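Colleague: My structure is in protein09.pdb, and what it holds is PDB, C-alpha atoms, pLDDT in the B column:
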```
ATOM      1  CA  MET A1257     -54.414-118.149 -94.035  1.00 52.00           C
ATOM      2  CA  TYR A1258     -57.762-116.666 -93.285  1.00 61.00           C
ATOM      3  CA  GLY A1259     -58.533-117.932 -89.742  1.00 66.00           C
ATOM      4  CA  LYS A1260     -56.736-118.331 -86.454  1.00 71.00           C
ATOM      5  CA  ARG A1261     -54.410-121.198 -86.005  1.00 77.00           C
ATOM      6  CA  GLU A1262     -55.565-124.056 -83.783  1.00 77.00           C
ATOM      7  CA  VAL A1263     -52.789-123.261 -81.308  1.00 72.00           C
ATOM      8  CA  ASP A1264     -53.995-119.657 -80.958  1.00 73.00           C
ATOM      9  CA  ARG A1265     -57.621-120.757 -80.394  1.00 70.00           C
ATOM     10  CA  ALA A1266     -56.510-123.246 -77.728  1.00 68.00           C
ATOM     11  CA  ALA A1267     -54.368-120.626 -75.974  1.00 65.00           C
ATOM     12  CA  GLU A1268     -57.326-118.234 -75.747  1.00 65.00           C
ATOM     13  CA  ARG A1269     -59.686-120.939 -74.541  1.00 64.00           C
ATOM     14  CA  TYR A1270     -57.474-122.250 -71.755  1.00 60.00           C
ATOM     15  CA  THR A1271     -55.928-119.091 -70.364  1.00 57.00           C
ATOM     16  CA  LEU A1272     -57.983-116.018 -69.568  1.00 50.00           C
ATOM     17  CA  GLN A1273     -61.403-117.403 -70.407  1.00 52.00           C
ATOM     18  CA  GLY A1274     -61.058-120.317 -67.962  1.00 53.00           C
ATOM     19  CA  LEU A1275     -60.346-118.099 -64.947  1.00 54.00           C
ATOM     20  CA  PRO A1276     -63.937-117.044 -64.117  1.00 58.00           C
ATOM     21  CA  GLY A1277     -65.034-120.683 -64.063  1.00 60.00           C
ATOM     22  CA  LEU A1278     -62.112-121.631 -61.856  1.00 67.00           C
ATOM     23  CA  ALA A1279     -62.847-118.812 -59.414  1.00 71.00           C
ATOM     24  CA  THR A1280     -66.526-119.792 -59.244  1.00 76.00           C
ATOM     25  CA  GLY A1281     -65.600-123.419 -58.652  1.00 77.00           C
ATOM     26  CA  ARG A1282     -63.217-122.474 -55.851  1.00 79.00           C
ATOM     27  CA  LEU A1283     -65.868-120.252 -54.259  1.00 81.00           C
ATOM     28  CA  LEU A1284     -68.479-123.017 -54.366  1.00 83.00           C
ATOM     29  CA  MET A1285     -66.088-125.655 -53.041  1.00 84.00           C
ATOM     30  CA  GLY A1286     -64.970-123.290 -50.271  1.00 83.00           C
ATOM     31  CA  ALA A1287     -68.580-122.595 -49.309  1.00 83.00           C
ATOM     32  CA  LEU A1288     -69.328-126.335 -49.203  1.00 85.00           C
ATOM     33  CA  LEU A1289     -66.314-126.948 -46.972  1.00 84.00           C
ATOM     34  CA  LEU A1290     -67.410-124.154 -44.620  1.00 83.00           C
ATOM     35  CA  MET A1291     -70.887-125.718 -44.408  1.00 85.00           C
ATOM     36  CA  LEU A1292     -69.273-129.062 -43.608  1.00 85.00           C
ATOM     37  CA  TRP A1293     -67.188-127.304 -40.969  1.00 84.00           C
ATOM     38  CA  THR A1294     -70.316-126.074 -39.157  1.00 84.00           C
ATOM     39  CA  LEU A1295     -71.798-129.597 -39.109  1.00 84.00           C
ATOM     40  CA  VAL A1296     -68.567-131.143 -37.853  1.00 82.00           C
ATOM     41  CA  CYS A1297     -68.182-128.464 -35.177  1.00 82.00           C
ATOM     42  CA  GLY A1298     -71.678-129.228 -33.898  1.00 81.00           C
ATOM     43  CA  ALA A1299     -70.824-132.934 -33.678  1.00 80.00           C
ATOM     44  CA  MET A1300     -67.491-132.112 -32.051  1.00 82.00           C
ATOM     45  CA  VAL A1301     -69.140-130.024 -29.321  1.00 84.00           C
ATOM     46  CA  GLU A1302     -71.592-132.864 -28.586  1.00 84.00           C
ATOM     47  CA  GLU A1303     -68.742-135.397 -28.452  1.00 81.00           C
ATOM     48  CA  PHE A1304     -66.577-133.234 -26.164  1.00 86.00           C
ATOM     49  CA  GLU A1305     -69.457-132.493 -23.784  1.00 88.00           C
ATOM     50  CA  ALA A1306     -70.577-136.147 -23.560  1.00 85.00           C
ATOM     51  CA  THR A1307     -66.991-137.349 -23.084  1.00 84.00           C
ATOM     52  CA  ARG A1308     -66.411-134.730 -20.371  1.00 87.00           C
ATOM     53  CA  ARG A1309     -69.509-135.956 -18.514  1.00 87.00           C
ATOM     54  CA  ALA A1310     -68.278-139.545 -18.880  1.00 87.00           C
ATOM     55  CA  ALA A1311     -64.845-138.582 -17.485  1.00 85.00           C
ATOM     56  CA  GLU A1312     -66.540-136.967 -14.471  1.00 87.00           C
ATOM     57  CA  GLY A1313     -68.920-139.912 -13.934  1.00 84.00           C
ATOM     58  CA  GLN A1314     -72.003-137.783 -14.630  1.00 88.00           C
ATOM     59  CA  GLY A1315     -75.075-139.037 -16.429  1.00 87.00           C
ATOM     60  CA  VAL A1316     -78.295-140.975 -16.071  1.00 88.00           C
ATOM     61  CA  PRO A1317     -77.570-144.395 -14.542  1.00 91.00           C
ATOM     62  CA  GLY A1318     -78.953-147.521 -16.153  1.00 91.00           C
ATOM     63  CA  THR A1319     -77.931-150.727 -17.868  1.00 91.00           C
ATOM     64  CA  PHE A1320     -76.490-151.518 -21.278  1.00 92.00           C
ATOM     65  CA  THR A1321     -77.423-154.842 -22.848  1.00 92.00           C
ATOM     66  CA  ALA A1322     -74.849-155.980 -25.411  1.00 91.00           C
ATOM     67  CA  ARG A1323     -76.416-157.084 -28.709  1.00 92.00           C
ATOM     68  CA  SER A1324     -73.776-157.050 -31.466  1.00 89.00           C
ATOM     69  CA  GLU A1325     -70.018-156.680 -31.759  1.00 88.00           C
ATOM     70  CA  SER A1326     -68.254-154.765 -34.514  1.00 87.00           C
ATOM     71  CA  CYS A1327     -64.503-155.232 -34.983  1.00 85.00           C
ATOM     72  CA  SER A1328     -61.879-153.284 -36.942  1.00 83.00           C
ATOM     73  CA  ARG A1329     -58.093-152.947 -36.854  1.00 84.00           C
ATOM     74  CA  SER A1330     -58.256-150.689 -33.817  1.00 75.00           C
ATOM     75  CA  GLY A1331     -60.322-153.166 -31.783  1.00 79.00           C
ATOM     76  CA  CYS A1332     -63.874-154.299 -31.174  1.00 82.00           C
ATOM     77  CA  SER A1333     -66.910-152.299 -30.077  1.00 85.00           C
ATOM     78  CA  TRP A1334     -70.246-153.392 -28.657  1.00 89.00           C
ATOM     79  CA  TYR A1335     -73.624-152.026 -29.723  1.00 93.00           C
ATOM     80  CA  GLY A1336     -76.824-152.617 -27.836  1.00 93.00           C
ATOM     81  CA  THR A1337     -79.677-151.179 -25.819  1.00 92.00           C
ATOM     82  CA  PHE A1338     -79.476-148.782 -22.866  1.00 92.00           C
ATOM     83  CA  THR A1339     -82.318-148.700 -20.349  1.00 90.00           C
ATOM     84  CA  ALA A1340     -82.407-145.981 -17.675  1.00 87.00           C
ATOM     85  CA  ARG A1341     -82.639-147.286 -14.118  1.00 83.00           C
ATOM     86  CA  ASP A1342     -85.433-144.987 -12.913  1.00 77.00           C
ATOM     87  CA  ASP A1343     -87.536-144.820 -16.051  1.00 67.00           C
ATOM     88  CA  ARG A1344     -88.160-148.003 -18.039  1.00 64.00           C
ATOM     89  CA  GLN A1345     -89.636-145.802 -20.791  1.00 65.00           C
ATOM     90  CA  SER A1346     -86.219-144.236 -21.453  1.00 74.00           C
ATOM     91  CA  VAL A1347     -84.558-146.678 -23.849  1.00 81.00           C
ATOM     92  CA  LEU A1348     -81.786-145.997 -26.372  1.00 82.00           C
ATOM     93  CA  ASP A1349     -81.402-148.705 -28.998  1.00 83.00           C
ATOM     94  CA  GLY A1350     -78.366-149.307 -31.207  1.00 88.00           C
ATOM     95  CA  VAL A1351     -75.943-147.269 -29.092  1.00 91.00           C
ATOM     96  CA  LEU A1352     -72.219-147.877 -28.703  1.00 88.00           C
ATOM     97  CA  LEU A1353     -70.718-148.817 -25.336  1.00 89.00           C
ATOM     98  CA  ARG A1354     -67.596-146.804 -24.517  1.00 86.00           C
ATOM     99  CA  GLY A1355     -65.213-147.106 -21.602  1.00 82.00           C
ATOM    100  CA  GLU A1356     -65.152-150.899 -21.314  1.00 78.00           C
ATOM    101  CA  ASP A1357     -61.303-150.833 -21.228  1.00 69.00           C
ATOM    102  CA  GLY A1358     -60.838-154.292 -22.716  1.00 68.00           C
ATOM    103  CA  ARG A1359     -63.322-155.919 -20.344  1.00 73.00           C
ATOM    104  CA  SER A1360     -64.675-159.200 -21.635  1.00 78.00           C
ATOM    105  CA  VAL A1361     -68.201-158.613 -22.930  1.00 82.00           C
ATOM    106  CA  SER A1362     -70.468-161.181 -24.566  1.00 82.00           C
ATOM    107  CA  ALA A1363     -73.773-160.876 -26.399  1.00 85.00           C
ATOM    108  CA  GLY A1364     -76.622-160.609 -23.892  1.00 86.00           C
ATOM    109  CA  ASP A1365     -74.454-159.265 -21.038  1.00 88.00           C
ATOM    110  CA  THR A1366     -76.025-156.490 -18.973  1.00 89.00           C
ATOM    111  CA  ILE A1367     -73.515-153.862 -17.877  1.00 90.00           C
ATOM    112  CA  PRO A1368     -74.018-150.841 -15.574  1.00 91.00           C
ATOM    113  CA  ALA A1369     -73.717-147.725 -17.752  1.00 91.00           C
ATOM    114  CA  LEU A1370     -74.385-143.993 -17.858  1.00 91.00           C
ATOM    115  CA  ASP A1371     -76.334-142.057 -20.468  1.00 90.00           C
ATOM    116  CA  VAL A1372     -74.000-139.056 -20.867  1.00 89.00           C
ATOM    117  CA  GLY A1373     -76.227-137.152 -23.282  1.00 85.00           C
ATOM    118  CA  SER A1374     -74.992-138.484 -26.613  1.00 84.00           C
ATOM    119  CA  SER A1375     -77.376-140.028 -29.095  1.00 82.00           C
ATOM    120  CA  ASN A1376     -74.543-142.294 -30.308  1.00 85.00           C
ATOM    121  CA  PHE A1377     -73.040-143.852 -27.200  1.00 87.00           C
ATOM    122  CA  VAL A1378     -73.383-144.600 -23.505  1.00 90.00           C
ATOM    123  CA  HIS A1379     -70.481-144.972 -21.098  1.00 89.00           C
ATOM    124  CA  MET A1380     -69.720-147.938 -18.870  1.00 88.00           C
ATOM    125  CA  ALA A1381     -70.027-146.945 -15.213  1.00 85.00           C
ATOM    126  CA  GLY A1382     -66.513-146.507 -13.810  1.00 79.00           C
ATOM    127  CA  GLY A1383     -64.814-146.856 -17.204  1.00 79.00           C
ATOM    128  CA  SER A1384     -62.197-144.431 -18.483  1.00 76.00           C
ATOM    129  CA  ALA A1385     -63.220-141.734 -20.956  1.00 75.00           C
ATOM    130  CA  ASP A1386     -62.315-142.172 -24.637  1.00 77.00           C
ATOM    131  CA  TRP A1387     -61.111-138.823 -26.008  1.00 78.00           C
ATOM    132  CA  GLY A1388     -60.168-140.152 -29.468  1.00 74.00           C
ATOM    133  CA  GLU A1389     -63.529-139.441 -31.134  1.00 75.00           C
ATOM    134  CA  PRO A1390     -63.811-135.787 -30.032  1.00 75.00           C
ATOM    135  CA  PHE A1391     -60.242-135.037 -31.088  1.00 76.00           C
ATOM    136  CA  ALA A1392     -60.784-136.747 -34.459  1.00 79.00           C
ATOM    137  CA  ALA A1393     -63.921-134.641 -35.014  1.00 77.00           C
ATOM    138  CA  GLY A1394     -61.945-131.515 -34.099  1.00 81.00           C
ATOM    139  CA  PHE A1395     -59.194-132.420 -36.551  1.00 84.00           C
ATOM    140  CA  VAL A1396     -61.674-133.000 -39.402  1.00 82.00           C
ATOM    141  CA  GLY A1397     -63.406-129.730 -38.536  1.00 83.00           C
ATOM    142  CA  ALA A1398     -60.137-127.819 -38.620  1.00 84.00           C
ATOM    143  CA  LEU A1399     -59.258-129.308 -42.018  1.00 83.00           C
ATOM    144  CA  ALA A1400     -62.682-128.533 -43.488  1.00 84.00           C
ATOM    145  CA  GLY A1401     -62.796-124.970 -42.132  1.00 83.00           C
ATOM    146  CA  GLY A1402     -59.201-124.199 -43.077  1.00 84.00           C
ATOM    147  CA  GLY A1403     -59.646-125.670 -46.549  1.00 83.00           C
ATOM    148  CA  GLY A1404     -62.800-123.635 -47.090  1.00 83.00           C
ATOM    149  CA  VAL A1405     -61.100-120.405 -46.088  1.00 83.00           C
ATOM    150  CA  VAL A1406     -58.063-121.118 -48.262  1.00 83.00           C
ATOM    151  CA  LEU A1407     -60.257-121.837 -51.298  1.00 79.00           C
ATOM    152  CA  ILE A1408     -62.341-118.699 -50.861  1.00 79.00           C
ATOM    153  CA  VAL A1409     -59.613-116.239 -49.871  1.00 81.00           C
ATOM    154  CA  GLY A1410     -56.533-117.681 -51.508  1.00 71.00           C
TER     155      GLY A1410
END
```
Spell out the structure here as structure tokens.

Modeller:
Amino acid sequence: MYGKREVDRAAERYTLQGLPGLATGRLLMGALLLMLWTLVCGAMVEEFEATRRAAEGQGVPGTFTARSESCSRSGCSWYGTFTARDDRQSVLDGVLLRGEDGRSVSAGDTIPALDVGSSNFVHMAGGSADWGEPFAAGFVGALAGGGGVVLIVG
């Protein structure tokens, strides 16, 4: 026999020669996860700060007008328009209402609410704070950051 056997060629191809590609892939995937971690941490900080203000009853007072309801297994949520009380120019459209605590809401209802500084939601005046979203963002951030470090270092 003049050449290498097929088994020998396959062994060379899939052992030592594949390692540099694997290491590069792990490095790139780890870097992507660390970039995702920074984005999620930014969102998490915004969520925690807005939810803290909602829990303390801080924010710009105004009214939320319910427009559409979105339901899932965990319950239903209302989206609509927030208008600040003092400044009719300050309007947030398509925001989520949090803190309604199972209160009956219908399309077109106007509810006293607070703009707590989030671009995604406003909080019903006097409603209880919903800490589920900030903790979920923190959990996803921890997974992304930890996974990125494990891929790069490990």

Colleague: Translate the PyMOL selection byres ((chain A and resi 1317) around 10), as applied to the file shown, into an explicit residue set as a list of chain:residue names.

Modeller: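 Output from the PyMOL selection byres ((chain A and resi 1317) around 10), applied to this file: A:Gly1313, A:Gln1314, A:Gly1315, A:Val1316, A:Gly1318, A:Thr1319, A:Phe1320, A:Phe1338, A:Thr1339, A:Ala1340, A:Arg1341, A:Asp1342, A:Pro1368, A:Ala1369, A:Leu1370, A:Asp1371, A:Val1372, A:Val1378, A:His1379, A:Met1380, A:Ala1381.
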
Colleague: Written as a PyMOL selection string, what is the full residue list that the PyMOL selection byres ((chain A and resi 1386) around 12) yields on the file shown?

Modeller: chain A and resi 1303-1304+1306-1311+1353-1357+1377-1380+1383-1385+1387-1392

Colleague: Tell me, in Å to one decimal, how far atom CA of Tyr1335 of chain A is from atom CA of Gly1373 of chain A.

Modeller: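 So the two atoms, atom CA of Tyr1335 of chain A and atom CA of Gly1373 of chain A, lie 16.4 Å apart.
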
Colleague: Go through A:Thr1321, A:Trp1293, A:Glu1262, A:Thr1366 and flag the residue nearest Val1396 of chain A, using only C-alpha atoms for the distances.

Modeller: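 So, comparing all the options, the nearest one is A:Trp1293.
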
Colleague: Restricting the calculation to all atoms listed in the file, which member of A:Gly1410, A:Gly1404, A:Gly1350, A:Gly1298 is positioned closest to Leu1284 of chain A?

Modeller: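 Closest to Leu1284 of chain A, using all atoms listed in the file: A:Gly1404.
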
Colleague: Can you tell me how far atom CA of Leu1407 of chain A sits from atom CA of Ala1393 of chain A, in Å to one decimal?

Modeller: 21.0 Å

Colleague: Name every residue that the PyMOL selection byres ((chain A and resi 1334) around 7) selects in this structure, writing the answer as a PyMOL selection string with chains first and numbers rising.

Modeller: chain A and resi 1322+1324-1326+1332-1333+1335-1336+1352-1353

Colleague: State, in Å with one decimal place, the distance from atom CA of Val1301 of chain A to atom CA of Leu1288 of chain A.

Modeller: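 That distance, rounded to one decimal, is 20.2 Å.
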
Colleague: At a cut-off of 12 Å, using all atoms listed in the file, what residues contact Gly1403 of chain A? Leave out same-chain residues fewer than 5 positions from it and give the result as number ranges by chain.

Modeller: A: 1282-1283, 1285-1293, 1396-1398, 1408-1410

Colleague: Please report, as JSON, the centre and edge lengths in Å to one decimal of an axis-aligned box covering all listed atoms of segment 1318-1321 of chain A with 8 Å per side.

Modeller:
```
{"center_x": -77.7, "center_y": -151.2, "center_z": -19.5, "size_x": 18.5, "size_y": 23.3, "size_z": 22.7}
```

Colleague: Could you tell me which of A:Met1300, A:Cys1327, A:Val1347, A:Ala1363 comes closest to Phe1395 of chain A if we count only C-alpha atoms?

Modeller: A:Met1300
